[in-house]
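The structure appears right after this line, and notes come after that.
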Amino acid sequence: MLIEKGKWIAVLGGGQLGKMLCESAKRQGYKTMVLEPSKAACAALEADLHLAKPYDDKESLVYIAKNSSVVTYEFENVPSESIDILEENGGYIPQGRRPLYISQHRFREKSSINNLGIKTAEFRAVTDKESLKKAVEEIGYPSILKTSMGGYDGKGQWVLRNKEDFEKAVAELSDREYILEQMVDFQCELSCIAVKSTDGSVGVFPVVENIHKNGILHITIAPARISEEVQEKVKEITKKIIEGLNFVGPLAIEYFYGKDGEIYVNEMAPRPHNSAHYTMDGCDKSQFDLQIEGICGKHLEDPKLIKKSVMLNILGQDVERIEKAELRANEKLYMYGKGEAKTDRKMGHLNITGENLEELIKRAEELAK
Ligand code: AMP
């Protein structure tokens with residue numbers, strides 16, 4: 001369905017991703033409403049209407065269903081009952097609940113990728129000591145135990161290198177689902193985001209390289225410093241996944257490029273992604289532009305990299321320093337307007353664009369010190 005300018009787009013979730021989505025929607029001529037319980041939600045700074053209610057608040061969801069032309073989301077933990085209420089009341093949510101159902105759960109996520117004939121690290125479901133013991137026997141060390149649901153930025157993960165780590169992990173097991181995953185010996189971490197429109201067309205962004213610090217994304221390098229052949233292969237896999245799973249909307253996929261030359265999917269998210277913030281300055285269209293275009297039924301093509309870019313995440317502990325730094329013309333700072341600058345909280349990002357990737361990386365590291 002083609003959604004015309006002037007119509008209302010509703011966004012479930014009102015963090016920085018929602019804020020940047022609303023900003024793009026506004027630039028494209030739409031009005032935006034956001035459902036986000038926190039009164040201090042940063043998306044409220046951009047949205048035309050902020051419904052400060054829980055994600056499953058029936059009254060707000062009925063209001064959204066009746067007063068918006070299309071609904072999208074900016075985080076993967078939207079309760080599935082919320083989607084039910086929207087649909088029962090005539091709301092149009094083209095992405096539906098399947099991308100959430102699959103990406104919310106690591107076992108389902110990896111199985112659905114393997115079913116398309118695409119590689120992930122080997123993994124086993126774990127629920128208790130017995131199943132963990134069996135999984136370690138089959139996968140071996142080093143491996144990583146991850147909670148199947150609810151972990152992010154490396155939280156809910158235990159690295160197992162020996163029997164001692166195994167015993168420690170056993171002591172921490174609680175009554176929930178986990179997976180044990182083989183540790184991939186990687187050359188680098190990559191990601192690629194694609195968006196599928198409701199008209200069936202797909203736009204795939206360039207492949208980027210990600211460097212994490214303490215489990216949190218530190219910098220993104222665009223394009224990734226790998227051969228064009230491998231970049232093309234990662235783009236093809238990304239397209240195969242979004243089409244194979246029959247998703248609509250954005251799908252960000254994180255990969256390991258193994259020392260063995262293989263490409264392994266790590267995880268995916270059906271929403272805008274931190275590693276694609278560089279697209280706001282480095283590409284002819286941003287990830288937010290494409291998500292809005294996709295849910296509004298426009299025809300999509302692969303966005304182009306117009307400038308080499310490095311994105312630096314600004315965490316709570318970096319705010320004071322970055323605000324004092326003398327930024328150059330090729331450096332654009334995005335602060336999200338969040339409240340307290342807590343340690344490790346994502347407060348903003350800086351996009352640095354130019355010609356020489358190594359110099360951009362050096363400058364990002366300088367500003368990060
Ligand atoms: P995740 O939350 O699954 O994205 O994991 C956070 C980070 O932990 C990744 O970006 C990797 O740096 C590391 N990691 C997670 N799983 C693996 C794995 N199977 N092999 C190697 N490193 C991993």
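Note on naming: chains are A, B, ... as they come in the structure tokens, residues start from 1 per chain, ligands start from 1 in the order shown.
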- Message: What parts of segment 115-275 of chain A does DSSP call alpha helix (DSSP H)? I'd like the answer as a ChimeraX atom specification.
- Response: /A:129-139,163-172,228-244
Next, dump the selected residues to file, keeping only C-alpha atoms, as an mmCIF file, in the first residue's frame.
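To be explicit, this is the file written out as result23.cif:
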data_model
loop_
_atom_site.group_PDB
_atom_site.id
_atom_site.type_symbol
_atom_site.label_atom_id
_atom_site.label_comp_id
_atom_site.auth_asym_id
_atom_site.auth_seq_id
_atom_site.Cartn_x
_atom_site.Cartn_y
_atom_site.Cartn_z
ATOM 1 C CA LYS A 129 23.396 -28.614 33.659
ATOM 2 C CA GLU A 130 22.770 -31.833 31.713
ATOM 3 C CA SER A 131 22.062 -30.110 28.398
ATOM 4 C CA LEU A 132 25.005 -27.718 28.937
ATOM 5 C CA LYS A 133 27.314 -30.685 29.570
ATOM 6 C CA LYS A 134 26.126 -32.407 26.395
ATOM 7 C CA ALA A 135 26.445 -29.189 24.367
ATOM 8 C CA VAL A 136 30.034 -28.665 25.574
ATOM 9 C CA GLU A 137 30.874 -32.286 24.657
ATOM 10 C CA GLU A 138 29.543 -31.679 21.143
ATOM 11 C CA ILE A 139 30.805 -28.126 20.507
ATOM 12 C CA LYS A 163 36.091 -26.966 32.994
ATOM 13 C CA GLU A 164 36.360 -24.185 35.580
ATOM 14 C CA ASP A 165 34.351 -21.776 33.383
ATOM 15 C CA PHE A 166 31.843 -24.580 32.807
ATOM 16 C CA GLU A 167 31.335 -24.995 36.578
ATOM 17 C CA LYS A 168 30.949 -21.222 37.009
ATOM 18 C CA ALA A 169 28.356 -21.107 34.227
ATOM 19 C CA VAL A 170 26.464 -24.053 35.759
ATOM 20 C CA ALA A 171 26.263 -22.166 39.066
ATOM 21 C CA GLU A 172 24.691 -19.201 37.277
ATOM 22 C CA GLU A 228 34.935 -6.284 -2.890
ATOM 23 C CA GLU A 229 34.182 -9.917 -3.564
ATOM 24 C CA VAL A 230 33.512 -10.614 0.131
ATOM 25 C CA GLN A 231 31.476 -7.394 0.408
ATOM 26 C CA GLU A 232 29.308 -8.533 -2.480
ATOM 27 C CA LYS A 233 28.893 -11.962 -0.918
ATOM 28 C CA VAL A 234 27.734 -10.435 2.396
ATOM 29 C CA LYS A 235 25.260 -8.210 0.534
ATOM 30 C CA GLU A 236 23.916 -11.242 -1.317
ATOM 31 C CA ILE A 237 23.504 -13.214 1.932
ATOM 32 C CA THR A 238 21.708 -10.245 3.519
ATOM 33 C CA LYS A 239 19.302 -10.064 0.590
ATOM 34 C CA LYS A 240 18.773 -13.825 0.636
ATOM 35 C CA ILE A 241 17.848 -13.670 4.338
ATOM 36 C CA ILE A 242 15.369 -10.775 4.116
ATOM 37 C CA GLU A 243 13.732 -12.350 1.070
ATOM 38 C CA GLY A 244 13.953 -15.938 2.345
#
What are the nearest atom pairs, with distances in Å to one decimal, for all residues of segment 269-317 of chain A that come at most 8 Å from segment 189-211 of chain A, using only C-alpha atoms, set out by chain and rising residue number as a Markdown table?
| residue | atom | partner | partner_atom | distance |
| --- | --- | --- | --- | --- |
| A:His273 | CA | A:Ile193 | CA | 7.8 |
| A:Ser275 | CA | A:Asn210 | CA | 7.1 |
| A:Ala276 | CA | A:Ile193 | CA | 7.2 |
| A:Gln287 | CA | A:Ile193 | CA | 7.8 |
| A:Leu290 | CA | A:Val195 | CA | 6.5 |
| A:Gln291 | CA | A:Val195 | CA | 6.2 |
| A:Glu293 | CA | A:Ser197 | CA | 7.2 |
| A:Gly294 | CA | A:Ser197 | CA | 3.7 |
| A:Ile295 | CA | A:Ser197 | CA | 5.9 |
| A:Cys296 | CA | A:Thr198 | CA | 7.3 |
| A:Gly297 | CA | A:Thr198 | CA | 4.9 |
| A:Lys298 | CA | A:Ser197 | CA | 6.5 |
| A:His299 | CA | A:Ser201 | CA | 5.8 |
| A:Leu300 | CA | A:Gly203 | CA | 5.2 |
| A:Glu301 | CA | A:Gly203 | CA | 4.5 |
| A:Asp302 | CA | A:Gly203 | CA | 4.1 |
| A:Pro303 | CA | A:Phe205 | CA | 5.6 |
| A:Lys304 | CA | A:Phe205 | CA | 7.1 |
| A:Leu305 | CA | A:Pro206 | CA | 6.8 |
Please produce a file of those selected residues containing N, CA, C and O atoms, as a short mmCIF file (atom, residue, chain, number, x, y, z; two decimals), in the first residue's frame.
data_model
loop_
_atom_site.label_atom_id
_atom_site.label_comp_id
_atom_site.auth_asym_id
_atom_site.auth_seq_id
_atom_site.Cartn_x
_atom_site.Cartn_y
_atom_site.Cartn_z
N HIS A 273 19.78 0.15 13.00
CA HIS A 273 20.91 -0.43 13.77
C HIS A 273 22.00 0.59 13.97
O HIS A 273 22.30 1.37 13.08
N SER A 275 25.07 0.27 13.87
CA SER A 275 26.19 0.19 12.91
C SER A 275 25.83 0.81 11.56
O SER A 275 26.67 0.82 10.67
N ALA A 276 24.61 1.30 11.42
CA ALA A 276 24.23 1.95 10.15
C ALA A 276 23.97 3.46 10.35
O ALA A 276 23.43 4.11 9.46
N GLN A 287 19.57 4.91 6.70
CA GLN A 287 18.77 3.73 7.05
C GLN A 287 17.36 4.14 7.47
O GLN A 287 16.40 3.40 7.24
N LEU A 290 15.23 4.90 4.40
CA LEU A 290 14.81 3.69 3.68
C LEU A 290 13.71 2.93 4.42
O LEU A 290 12.80 2.38 3.80
N GLN A 291 13.78 2.92 5.77
CA GLN A 291 12.72 2.24 6.54
C GLN A 291 11.38 2.94 6.29
O GLN A 291 10.36 2.27 6.07
N GLU A 293 10.57 4.80 3.68
CA GLU A 293 10.17 4.55 2.28
C GLU A 293 9.58 3.14 2.15
O GLU A 293 8.57 2.93 1.47
N GLY A 294 10.23 2.18 2.79
CA GLY A 294 9.81 0.77 2.68
C GLY A 294 8.41 0.53 3.23
O GLY A 294 7.58 -0.11 2.59
N ILE A 295 8.15 1.05 4.44
CA ILE A 295 6.82 0.80 5.03
C ILE A 295 5.74 1.62 4.32
O ILE A 295 4.56 1.31 4.41
N CYS A 296 6.18 2.66 3.60
CA CYS A 296 5.21 3.48 2.85
C CYS A 296 5.04 2.99 1.41
O CYS A 296 4.39 3.65 0.59
N GLY A 297 5.67 1.86 1.09
CA GLY A 297 5.41 1.21 -0.20
C GLY A 297 6.15 1.78 -1.39
O GLY A 297 5.78 1.52 -2.54
N LYS A 298 7.24 2.53 -1.14
CA LYS A 298 8.01 3.07 -2.27
C LYS A 298 8.94 1.99 -2.84
O LYS A 298 9.30 1.04 -2.15
N HIS A 299 9.35 2.20 -4.08
CA HIS A 299 10.27 1.25 -4.72
C HIS A 299 11.69 1.52 -4.23
O HIS A 299 12.16 2.66 -4.25
N LEU A 300 12.38 0.48 -3.78
CA LEU A 300 13.72 0.66 -3.20
C LEU A 300 14.82 0.13 -4.10
O LEU A 300 14.64 -0.88 -4.79
N GLU A 301 15.96 0.83 -4.04
CA GLU A 301 17.18 0.35 -4.70
C GLU A 301 18.31 0.40 -3.69
O GLU A 301 18.16 1.04 -2.64
N ASP A 302 19.44 -0.22 -4.02
CA ASP A 302 20.56 -0.20 -3.07
C ASP A 302 21.09 1.22 -2.90
O ASP A 302 21.49 1.85 -3.89
N PRO A 303 21.11 1.75 -1.66
CA PRO A 303 21.71 3.07 -1.44
C PRO A 303 23.21 3.02 -1.74
O PRO A 303 23.83 1.96 -1.64
N LYS A 304 23.76 4.17 -2.10
CA LYS A 304 25.18 4.22 -2.48
C LYS A 304 26.00 4.91 -1.40
O LYS A 304 25.53 5.88 -0.78
N LEU A 305 27.22 4.42 -1.24
CA LEU A 305 28.17 5.08 -0.35
C LEU A 305 28.70 6.30 -1.10
O LEU A 305 29.28 6.16 -2.18
#
- Item | Pick from A:Lys307, A:Asp318, A:Lys324, A:Phe123, whichever lies nearest to Glu355 of chain A using only C-alpha atoms |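 Result for the nearest residue to Glu355 of chain A: A:Lys307.
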- Task: Dump the neighbourhood of ligand 1 as a PyMOL selection string: all residues within 10 Å, distances computed on only C-alpha atoms and all ligand atoms.
- Result: chain A and resi 106+120-123+142-148+150-159+180-186+188-190+210-217+253-256+258+264-268
- Task: Between atom CA of Pro272 of chain A and atom CA of Gly249 of chain A, measure the distance and give it in Å to one decimal.
- Result: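 Atom-to-atom, atom CA of Pro272 of chain A and atom CA of Gly249 of chain A are spaced 9.5 Å apart.
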- Message: Would you pick out the contacts of Gly316 of chain A at 10 Å or less, using only C-alpha atoms, so that residues sharing its chain but fewer than 4 positions from it are not included, and give the list as a ChimeraX atom specification?
- Response: /A:320,338,340-348
- Task: For Thr32 of chain A, please output as a ChimeraX atom specification all residues within 6 Å (counting only C-alpha atoms; exclusion window: fewer than 5 positions along the same chain).
- Result: /A:8-10,47-48
- Task: Using only C-alpha atoms, find the one residue out of A:Leu367, A:Asp284, A:Arg98, A:Asn313 that sits nearest to Arg328 of chain A.
- Result: A:Leu367
- So, counting only C-alpha atoms, which residue among A:Glu323, A:Asp128, A:Asp289, A:Asp57 is closest to Glu36 of chain A?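 With only C-alpha atoms as the atom set, the closest residue is A:Asp57.
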- Task: One decimal, Å: what's the distance from atom CA of Lys362 of chain A over to atom CA of Gln16 of chain A, could you say?
- Result: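 For atom CA of Lys362 of chain A relative to atom CA of Gln16 of chain A, the distance reads 26.4 Å.
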Identify, on the basis of only C-alpha atoms, every residue whose closest approach to Glu359 of chain A does not exceed 12 Å; exclude the query and any residue fewer than 5 positions from it along the same chain; express the result as a PDB file with N, CA, C and O atoms, in the first residue's frame.
ATOM      1  N   ILE A 221      33.226   1.204  10.511  1.00  0.00           N
ATOM      2  CA  ILE A 221      34.078   1.649   9.406  1.00  0.00           C
ATOM      3  C   ILE A 221      33.369   1.308   8.095  1.00  0.00           C
ATOM      4  O   ILE A 221      33.035   0.147   7.852  1.00  0.00           O
ATOM      5  N   LYS A 308      33.472   7.849   2.233  1.00  0.00           N
ATOM      6  CA  LYS A 308      33.967   6.895   3.232  1.00  0.00           C
ATOM      7  C   LYS A 308      33.673   7.479   4.609  1.00  0.00           C
ATOM      8  O   LYS A 308      33.765   8.701   4.799  1.00  0.00           O
ATOM      9  N   SER A 309      33.334   6.611   5.549  1.00  0.00           N
ATOM     10  CA  SER A 309      32.877   7.114   6.848  1.00  0.00           C
ATOM     11  C   SER A 309      33.367   6.266   8.007  1.00  0.00           C
ATOM     12  O   SER A 309      33.514   5.047   7.868  1.00  0.00           O
ATOM     13  N   VAL A 310      33.521   6.939   9.136  1.00  0.00           N
ATOM     14  CA  VAL A 310      33.725   6.230  10.397  1.00  0.00           C
ATOM     15  C   VAL A 310      32.742   6.812  11.395  1.00  0.00           C
ATOM     16  O   VAL A 310      32.590   8.033  11.486  1.00  0.00           O
ATOM     17  N   ILE A 352      32.303  10.768  10.911  1.00  0.00           N
ATOM     18  CA  ILE A 352      33.464  11.430  10.304  1.00  0.00           C
ATOM     19  C   ILE A 352      33.545  10.927   8.866  1.00  0.00           C
ATOM     20  O   ILE A 352      33.560   9.716   8.638  1.00  0.00           O
ATOM     21  N   THR A 353      33.553  11.850   7.910  1.00  0.00           N
ATOM     22  CA  THR A 353      33.591  11.420   6.507  1.00  0.00           C
ATOM     23  C   THR A 353      34.836  11.978   5.829  1.00  0.00           C
ATOM     24  O   THR A 353      35.388  12.989   6.259  1.00  0.00           O
ATOM     25  N   GLY A 354      35.279  11.302   4.784  1.00  0.00           N
ATOM     26  CA  GLY A 354      36.468  11.775   4.071  1.00  0.00           C
ATOM     27  C   GLY A 354      36.921  10.788   3.026  1.00  0.00           C
ATOM     28  O   GLY A 354      36.151   9.926   2.597  1.00  0.00           O
ATOM     29  N   ALA A 364      39.061   9.167  14.806  1.00  0.00           N
ATOM     30  CA  ALA A 364      38.013   8.672  15.713  1.00  0.00           C
ATOM     31  C   ALA A 364      38.654   8.190  17.019  1.00  0.00           C
ATOM     32  O   ALA A 364      38.165   8.497  18.113  1.00  0.00           O
ATOM     33  N   GLU A 365      39.763   7.476  16.908  1.00  0.00           N
ATOM     34  CA  GLU A 365      40.437   6.965  18.113  1.00  0.00           C
ATOM     35  C   GLU A 365      40.997   8.118  18.952  1.00  0.00           C
ATOM     36  O   GLU A 365      40.975   8.070  20.174  1.00  0.00           O
ATOM     37  N   GLU A 366      41.469   9.161  18.268  1.00  0.00           N
ATOM     38  CA  GLU A 366      41.986  10.353  18.972  1.00  0.00           C
ATOM     39  C   GLU A 366      40.865  10.991  19.795  1.00  0.00           C
ATOM     40  O   GLU A 366      41.035  11.335  20.953  1.00  0.00           O
TER      41      GLU A 366
END
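Nearest-residue note for Arg271 of chain A: choosing from A:Met20, A:Met311, A:Ile3, A:Leu357, the minimum distance belongs to A:Met20, counting only C-alpha atoms.
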Give me the residues near Tyr101 of chain A as a compact mmCIF listing (two decimals) with C-alpha atoms, in the first residue's frame, where near means some atom within 10 Å (using only C-alpha atoms) and where sequence neighbours in that chain fewer than 3 positions away do not count.
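Result file part_33.txt:
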# COMPACT_ATOMS: atom_id res chain seq x y z
CA GLU A 76 12.57 -5.89 18.90
CA ASN A 77 10.93 -6.45 22.26
CA VAL A 78 7.50 -5.13 21.30
CA PRO A 79 4.96 -7.46 23.02
CA SER A 80 3.15 -9.60 20.48
CA GLY A 96 3.92 -7.91 11.30
CA ARG A 97 5.04 -9.96 14.29
CA ARG A 98 7.23 -12.60 12.57
CA GLN A 104 13.73 -12.10 19.90
CA HIS A 105 14.97 -15.65 20.42
CA ARG A 108 14.78 -19.55 16.53
CA GLU A 109 16.92 -16.87 14.86
- Task: Identify, on the basis of only C-alpha atoms, every residue whose closest approach to segment 60-69 of chain A does not exceed 9 Å; exclude the query and any residue fewer than 3 positions from it along the same chain; express the result as a VMD selection string.
- Result: chain A and resid 3 7 to 10 32 to 33 35 51 to 57 82 to 83 85 to 93
